[in-house]
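This report refers to the structure that appears directly beneath it.
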Amino acid sequence: MAVFFLAVLPAFLIGWYVLFRFVLGHEFAAKAPENFWGLATWHLLGVALPEEVFFRGWLQERLSGLLPKRWTLFGAEFGPGLFIASALFALGHLISRSNPIHLLVFFPGLLFGLFRERSGSILVPALAHGGGNFFFLILQSWATR
């Protein structure tokens, strides 16, 4: 989990800034989103936890039982089920938001899946997912036209 916040999250934040600033042409003004704590709570308990229960706790677990785990990365054994669950995670975001940019959640989905395989729990990926959403909300509130 610490690796996520120390290594992955800064890369995510820089990528988000570059995309919104230089590709989409947004300006930035640091400010907290309205209803900050309510949004943070909702994204952890109402979004991240249910998504992780389904995609990592149920779907990835079932796929891992059907498809052999062939690889190991950072102590996490995984197989094709990780990629399939992450692809379906991204597809679900595309269907619900109708914008191809939401397919990019495939990559954090891989990370959350590795956390699931490494920890054997959905708690770690749910916290990472909620933390990612939390920082996403902050950056989104900073972006202006």
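Each chain of the structure tokens is named A, B, ... in the order shown, its residues numbered from 1; ligands are numbered from 1 in display order.
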
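Excluding Gly25 (chain A) itself and any same-chain residue fewer than 6 positions from it, the protein and nucleic acid residues within 10 Å of it, counting only C-alpha atoms, are Val18, Leu19, Ala143, Thr144 and Arg145 of chain A.
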
Region 75-78 of chain A environment, 12 Å, only C-alpha atoms, sequence neighbours closer than 2 positions dropped, as a count of residues only
30

Measuring between only C-alpha atoms, which one of A:Leu139, A:Leu94, A:Asn99, A:Ser86 shows the shortest distance to Glu52 (chain A)?
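Result for the nearest residue to Glu52 (chain A): A:Ser86.
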
Report as a list in words: the residues of chain A with a DSSP assignment of strand (DSSP E), based on the backbone of this structure.
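Output for chain A, strand (DSSP E) only: Glu27, Phe28, Trp71, Thr72, Leu73, Ala76, Glu77, Phe78, Ala143 and Thr144 of chain A.
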
Neighbour list for Ala32 (chain A) as a ChimeraX atom specification, cut-off 7 Å, only C-alpha atoms, skip fewer than 2 positions in-chain:
/A:34,36,138,141
